[in-house]
Amino acid sequence: MSDTYLSPIAAGRSYYQDTVERPRFQSLEGSIKTDVLVVGGGFTGLSAAIHLARSGVDVTLVEAHRFGDGASGRNGGQMGTGQRIWPGEVEALYGFERSKALFDLAEEAKAHLFEFIAANDIDADLRMGQLSVAHKRKYLPDYHGQVDVLKSRYDYDSVSYMDADETAERLGSTRYFGGIRDTGTGHVNPLKLIVGLARVAAASGATLFEDTRILSTRRVDGRIVAVTGAGEISAERVLYAVNAYGPKLDRTIDAHVMPINSFIGATEPLSEADGVLPGNEACDDSRFVVRYFRKSIDNRLLFGGREAYTSEAGDITRHIRKQIADVYPHLKSVRITHAWGGSVGITMQRLPFVRTLSPGVTTIGGFSGHGVMLANFAGRLYAERVAGNRDRLSEFEALDIPAFPGGRRLRAPLLFLAMTWFSLRDRL
Ligand SMILES: Cc1cc2nc3c(=O)[nH]c(=O)nc-3n(C[C@H](O)[C@H](O)[C@H](O)COP(=O)(O)OP(=O)(O)OC[C@H]3O[C@@H](n4cnc5c(N)ncnc54)[C@H](O)[C@@H]3O)c2cc1C
């Protein structure tokens with residue numbers, strides 16, 4: 001199973017493309033009417049389409065390229081626990097009650113994904129276990145404290161503290177000083193999940209289009225008319241689920257969600273003697289430019305790390321090889337068979353950006369590298385809101401996510417400077 005297709009919006013061909021057949025969907029030609037138009041075929045958009053269709057809503061989903069060509073089909077696949085930032089950091093911003101509510105929502109997101117995968121018989125290579133490890137000794141008290149906080153204040157018992165010996169044993173590397181083991185979360189093959197979501201969306205009655213980019217929208221008699229290259233869609237409501245891939249579609253999204261390129265390399269299949277992650281857990285580390293790695297179902301090391309703040313991908317393989325060798329020196333000459341990247345949509349607070357942009361127009365995105373479970377769940381929460389069942393989405397919408405500083409012209413260079421500074425600190 002080897003398609004040579006390259007996502008036009010991201011660097012390189014991912015390993016995931018070799019693991020699953022991707023169905024093709026039609027592109028839109030002509031004019032149609034729908035109740036809800038969802039723009040963007042990643043986790044957020046596909047999940048919203050599924051749950052809207054299941055509630056009996058007439059929903060149309062358009063994707064500019066192919067489903068999963070954005071971040072959703074190319075990411076590290078690690079589900080994590082809670083929000084992107086630690087509960088203590090959320091508490092500092094919003095106080096304990098809201099922090100706990102956001103943590104509980106993330107637990108619901110996790111449960112939702114497990115259930116969805118099982119109920120729909122999606123072969124997403126789900127495996128359990130997450131290790132979060134400290135690359136500097138001075139971070140160990142924070143990791144220790146995190147375990148206590150999660151257990152005592154957030155009622156989360158699936159975590160334990162790992163000392164240096166246990167960390168080395170579980171990683172198969174002595175590079176880290178200690179960390180946290182979380183047995184309550186897992187990791188998936190994200191493109192297999194996307195293919196499963198698309199299948200379920202089609203079967204649920206959502207109308208799906210690929211290769212259909214929304215170019216602009218206008219209001220006509222209270223409805224929203226979205227213009228594509230070869231047609232128009234008239235809708236009562238619109239959900240922008242474009243994450244970091246929809247520049248110039250809407251100024252508010254541009255100001256609040258910015259792209260950072262992150263890159264992953266896949267090695268040839270390793271042998272058991274290589275000793276890498278013998279428990280098949282996923283791992284993320286304490287760097288600002290976080291390194292995240294895990295083994296695939298066929299025993300390859302999928303290693304993510306290097307970030308870039310400009311559109312240049314550079315030599316992904318060379319950079320990832322260096323990072324692999326830093327953690328696993330015995331793999332310094334390992335063959336890297338795939339190298340690719342994608343845009344992570346980040347926000348100032350590293351919490352999701354959900355906003356009603358104008359009557360009937362909502363945006364959801366900016367999961368800041370934590371969207372595998374949250375984006376899938378946020379799509380469902382949007383559907384619940386539209387169907388009038390519940391409004392759990394308001395917990396995210398109430399977050400006070402500021403715009404990136406610098407205005408339209410200086411935003412990108414300022415982000416570049418800030419990120420470069422923080423990434424340098426990783427090395428000090
Ligand atoms: C390399 C990498 C590693 C990551 N690792 C992890 C991880 O391990 N764990 C984790 O939780 N998260 C991770 N993430 C983040 C995670 O992938 C995202 O948070 C999540 O996939 C966001 O999903 P989404 O549906 O909101 O956006 P996306 O998947 O980015 O989808 C947006 C879609 O909108 C489409 N679009 C944009 N404009 C238009 C338009 N005008 N018309 C039609 N369509 C349009 C794009 O083509 C794109 O397909 C990673 C991201 C990257 C890039």
# chains A, B, ... in the order shown; residues from 1 in each chain; ligands from 1
call {"tool": "residues_near_ligand", "arguments": {"ligand": "ligand 1", "cutoff": "6 Å", "atoms": "only C-alpha atoms and all ligand atoms", "output": "MDAnalysis selection string"}}
result
chainID A and resid 39:45 62:65 67:72 74:79 212:215 241:246 262:263 341:344 365 367:372 375
call {"tool": "closest_atom_pairs", "arguments": {"of": "segment 89-184 of chain A", "to": "segment 47-51 of chain A", "cutoff": "12 Å", "atoms": "only C-alpha atoms", "output": "JSON lines"}}
result
{"residue": "A:Ala109", "atom": "CA", "partner": "A:Ser47", "partner_atom": "CA", "distance": 11.9}
{"residue": "A:His112", "atom": "CA", "partner": "A:Ser47", "partner_atom": "CA", "distance": 11.0}
{"residue": "A:Leu113", "atom": "CA", "partner": "A:Ser47", "partner_atom": "CA", "distance": 10.4}
{"residue": "A:Phe116", "atom": "CA", "partner": "A:Ser47", "partner_atom": "CA", "distance": 10.1}
{"residue": "A:Ile117", "atom": "CA", "partner": "A:Ser47", "partner_atom": "CA", "distance": 12.0}
{"residue": "A:Asn120", "atom": "CA", "partner": "A:Ile50", "partner_atom": "CA", "distance": 11.7}
call {"tool": "write_last_selection", "arguments": {"atoms": "C-alpha atoms", "output": "PDB file, in the first residue's frame"}}
result
ATOM      1  CA  ALA A 109     -12.450  13.922  25.313  1.00  0.00           C
ATOM      2  CA  HIS A 112     -14.934   9.919  23.740  1.00  0.00           C
ATOM      3  CA  LEU A 113     -12.023   8.943  21.510  1.00  0.00           C
ATOM      4  CA  PHE A 116     -15.563   6.223  19.213  1.00  0.00           C
ATOM      5  CA  ILE A 117     -12.706   4.057  17.971  1.00  0.00           C
ATOM      6  CA  ASN A 120     -16.989   2.239  15.007  1.00  0.00           C
TER       7      ASN A 120
END
call {"tool": "closest_residue", "arguments": {"among": "A:Arg175, A:Lys100, A:Arg300, A:His144", "to": "Tyr161 of chain A", "atoms": "only C-alpha atoms"}}
result
A:His144
call {"tool": "residues_around", "arguments": {"residues": "Arg390 of chain A", "least_positions_apart": "5", "cutoff": "9 Å", "atoms": "only C-alpha atoms", "output": "VMD selection string"}}
result
chain A and resid 381 384 to 385
call {"tool": "residues_around", "arguments": {"residues": "segment 203-207 of chain A", "least_positions_apart": "4", "cutoff": "7 Å", "atoms": "only C-alpha atoms", "output": "number ranges by chain"}}
result
A: 49-50, 53-54, 59-61, 199
call {"tool": "write_last_selection", "arguments": {"atoms": "C-alpha atoms", "output": "compact mmCIF listing (two decimals), in the first residue's frame"}}
result
# COMPACT_ATOMS: atom_id res chain seq x y z
CA ALA A 49 -19.78 16.47 10.50
CA ILE A 50 -20.35 13.02 12.00
CA ALA A 53 -25.31 14.22 10.69
CA ARG A 54 -26.13 11.80 13.49
CA VAL A 59 -24.25 19.07 6.98
CA THR A 60 -21.71 19.61 4.21
CA LEU A 61 -17.97 19.34 4.85
CA ARG A 199 -15.90 6.50 6.52
call {"tool": "closest_atom_pairs", "arguments": {"of": "segment 158-242 of chain A", "to": "segment 250-259 of chain A", "cutoff": "10 Å", "atoms": "only C-alpha atoms", "output": "Markdown table"}}
result
| residue | atom | partner | partner_atom | distance |
| --- | --- | --- | --- | --- |
| A:Ser216 | CA | A:Asp250 | CA | 9.2 |
| A:Thr217 | CA | A:Asp250 | CA | 9.8 |
| A:Tyr240 | CA | A:Ile253 | CA | 9.1 |
| A:Val242 | CA | A:Ile253 | CA | 9.1 |
call {"tool": "write_last_selection", "arguments": {"atoms": "C-alpha atoms", "output": "mmCIF file, in the first residue's frame"}}
result
data_model
loop_
_atom_site.group_PDB
_atom_site.id
_atom_site.type_symbol
_atom_site.label_atom_id
_atom_site.label_comp_id
_atom_site.auth_asym_id
_atom_site.auth_seq_id
_atom_site.Cartn_x
_atom_site.Cartn_y
_atom_site.Cartn_z
ATOM 1 C CA SER A 216 -14.559 33.753 0.488
ATOM 2 C CA THR A 217 -17.921 34.139 2.180
ATOM 3 C CA TYR A 240 -14.279 27.070 10.418
ATOM 4 C CA VAL A 242 -9.122 25.224 9.514
#
call {"tool": "select_by_dssp", "arguments": {"residues": "segment 272-392 of chain A", "states": "strand (DSSP E or B)", "output": "number ranges by chain"}}
result
A: 282-285, 292-295, 301-308, 336-346, 353-358, 361-365
call {"tool": "write_last_selection", "arguments": {"atoms": "C-alpha atoms", "output": "tab-separated table (two decimals), in the first residue's frame"}}
result
chain	number	residue	atom	x	y	z
A	282	ALA	CA	4.68	7.05	23.80
A	283	CYS	CA	7.03	9.68	25.15
A	284	ASP	CA	7.28	13.46	25.26
A	285	ASP	CA	10.00	15.51	26.94
A	292	TYR	CA	7.94	13.29	21.09
A	293	PHE	CA	8.47	9.72	20.09
A	294	ARG	CA	6.90	6.29	20.08
A	295	LYS	CA	7.06	3.07	18.16
A	301	LEU	CA	10.69	4.66	15.89
A	302	LEU	CA	8.55	7.69	15.00
A	303	PHE	CA	10.54	10.62	16.35
A	304	GLY	CA	9.24	14.18	16.31
A	305	GLY	CA	11.11	17.24	17.34
A	306	ARG	CA	12.70	19.87	15.23
A	307	GLU	CA	10.49	22.90	14.79
A	308	ALA	CA	10.76	25.70	12.27
A	336	ILE	CA	15.26	6.92	8.26
A	337	THR	CA	12.68	5.87	5.71
A	338	HIS	CA	10.20	8.74	5.99
A	339	ALA	CA	10.55	12.38	7.01
A	340	TRP	CA	7.70	14.85	7.05
A	341	GLY	CA	6.21	17.84	8.80
A	342	GLY	CA	3.05	19.76	9.42
A	343	SER	CA	1.77	22.99	10.93
A	344	VAL	CA	0.82	22.97	14.57
A	345	GLY	CA	-1.75	25.70	15.25
A	346	ILE	CA	-0.73	27.39	18.48
A	353	PHE	CA	-9.34	28.96	20.43
A	354	VAL	CA	-13.13	28.71	20.10
A	355	ARG	CA	-15.03	31.82	19.09
A	356	THR	CA	-18.31	32.91	17.55
A	357	LEU	CA	-16.98	35.19	14.83
A	358	SER	CA	-20.35	36.55	13.74
A	361	VAL	CA	-20.13	31.55	12.22
A	362	THR	CA	-17.90	29.68	14.69
A	363	THR	CA	-14.23	28.78	14.67
A	364	ILE	CA	-12.54	25.95	16.58
A	365	GLY	CA	-8.79	25.34	16.47
call {"tool": "select_by_dssp", "arguments": {"residues": "segment 5-189 of chain A", "states": "helix (DSSP H, G or I)", "output": "VMD selection string"}}
result
chain A and resid 15 to 18 43 to 54 71 to 73 87 to 119 137 to 152 164 to 171
call {"tool": "write_last_selection", "arguments": {"atoms": "C-alpha atoms", "output": "CSV table (one decimal), in the first residue's frame"}}
result
chain,number,residue,atom,x,y,z
A,15,TYR,CA,5.0,7.0,7.1
A,16,TYR,CA,1.3,6.8,7.8
A,17,GLN,CA,0.5,6.9,4.1
A,18,ASP,CA,2.1,3.5,3.8
A,43,PHE,CA,-10.3,15.8,13.3
A,44,THR,CA,-12.4,18.9,14.2
A,45,GLY,CA,-14.3,19.1,10.9
A,46,LEU,CA,-14.8,15.4,10.4
A,47,SER,CA,-16.0,14.9,14.0
A,48,ALA,CA,-18.4,17.8,13.8
A,49,ALA,CA,-19.8,16.5,10.5
A,50,ILE,CA,-20.3,13.0,12.0
A,51,HIS,CA,-22.1,14.2,15.1
A,52,LEU,CA,-24.2,16.8,13.2
A,53,ALA,CA,-25.3,14.2,10.7
A,54,ARG,CA,-26.1,11.8,13.5
A,71,ALA,CA,-2.1,18.4,11.0
A,72,SER,CA,-4.6,15.6,11.7
A,73,GLY,CA,-3.2,13.0,9.3
A,87,PRO,CA,-3.2,22.0,35.4
A,88,GLY,CA,-1.1,24.3,37.7
A,89,GLU,CA,-0.5,26.6,34.7
A,90,VAL,CA,-4.2,26.6,33.8
A,91,GLU,CA,-5.0,27.3,37.4
A,92,ALA,CA,-2.7,30.3,37.4
A,93,LEU,CA,-4.6,31.7,34.5
A,94,TYR,CA,-8.2,30.8,35.4
A,95,GLY,CA,-8.3,29.5,39.0
A,96,PHE,CA,-8.9,26.0,40.3
A,97,GLU,CA,-12.6,25.5,39.4
A,98,ARG,CA,-12.2,26.4,35.8
A,99,SER,CA,-9.0,24.5,35.6
A,100,LYS,CA,-10.7,21.4,37.0
A,101,ALA,CA,-13.6,21.8,34.6
A,102,LEU,CA,-11.1,22.0,31.7
A,103,PHE,CA,-9.3,18.9,33.0
A,104,ASP,CA,-12.6,17.0,33.3
A,105,LEU,CA,-13.5,18.0,29.8
A,106,ALA,CA,-10.2,16.7,28.5
A,107,GLU,CA,-11.0,13.4,30.3
A,108,GLU,CA,-14.3,13.3,28.6
A,109,ALA,CA,-12.5,13.9,25.3
A,110,LYS,CA,-10.2,11.0,26.0
A,111,ALA,CA,-13.1,8.7,26.9
A,112,HIS,CA,-14.9,9.9,23.7
A,113,LEU,CA,-12.0,8.9,21.5
A,114,PHE,CA,-11.6,5.5,23.1
A,115,GLU,CA,-15.3,4.8,22.7
A,116,PHE,CA,-15.6,6.2,19.2
A,117,ILE,CA,-12.7,4.1,18.0
A,118,ALA,CA,-14.2,0.9,19.6
A,119,ALA,CA,-17.8,1.6,18.7
A,137,ARG,CA,17.5,17.4,36.5
A,138,LYS,CA,16.2,20.7,37.8
A,139,TYR,CA,12.7,19.9,36.4
A,140,LEU,CA,12.3,16.8,38.5
A,141,PRO,CA,10.6,18.6,41.4
A,142,ASP,CA,8.0,19.9,38.9
A,143,TYR,CA,7.3,16.4,37.6
A,144,HIS,CA,7.0,15.1,41.1
A,145,GLY,CA,4.7,17.9,42.1
A,146,GLN,CA,2.6,17.3,39.0
A,147,VAL,CA,1.9,13.7,40.0
A,148,ASP,CA,0.8,14.9,43.5
A,149,VAL,CA,-1.5,17.6,42.0
A,150,LEU,CA,-3.1,15.2,39.5
A,151,LYS,CA,-3.8,12.6,42.1
A,152,SER,CA,-4.9,14.8,45.0
A,164,ALA,CA,16.0,7.8,36.8
A,165,ASP,CA,16.3,4.0,36.8
A,166,GLU,CA,12.6,3.3,35.9
A,167,THR,CA,12.8,6.0,33.2
A,168,ALA,CA,15.9,4.5,31.6
A,169,GLU,CA,14.3,1.0,31.7
A,170,ARG,CA,11.0,2.2,30.1
A,171,LEU,CA,12.7,4.4,27.5
call {"tool": "closest_residue", "arguments": {"among": "A:His187, A:Arg408, A:Arg425, A:Arg181", "to": "Val289 of chain A", "atoms": "only C-alpha atoms"}}
result
A:Arg425
call {"tool": "closest_residue", "arguments": {"among": "A:Ile297, A:Leu239, A:Val195, A:Ile401", "to": "Glu21 of chain A", "atoms": "only C-alpha atoms"}}
result
A:Val195
call {"tool": "closest_residue", "arguments": {"among": "A:Met128, A:Leu399, A:Leu197, A:Ala378", "to": "Ser158 of chain A", "atoms": "only C-alpha atoms"}}
result
A:Met128
call {"tool": "atom_distance", "arguments": {"atom1": "atom CA of Ser27 of chain A", "atom2": "atom CA of Leu193 of chain A"}}
result
21.7 Å
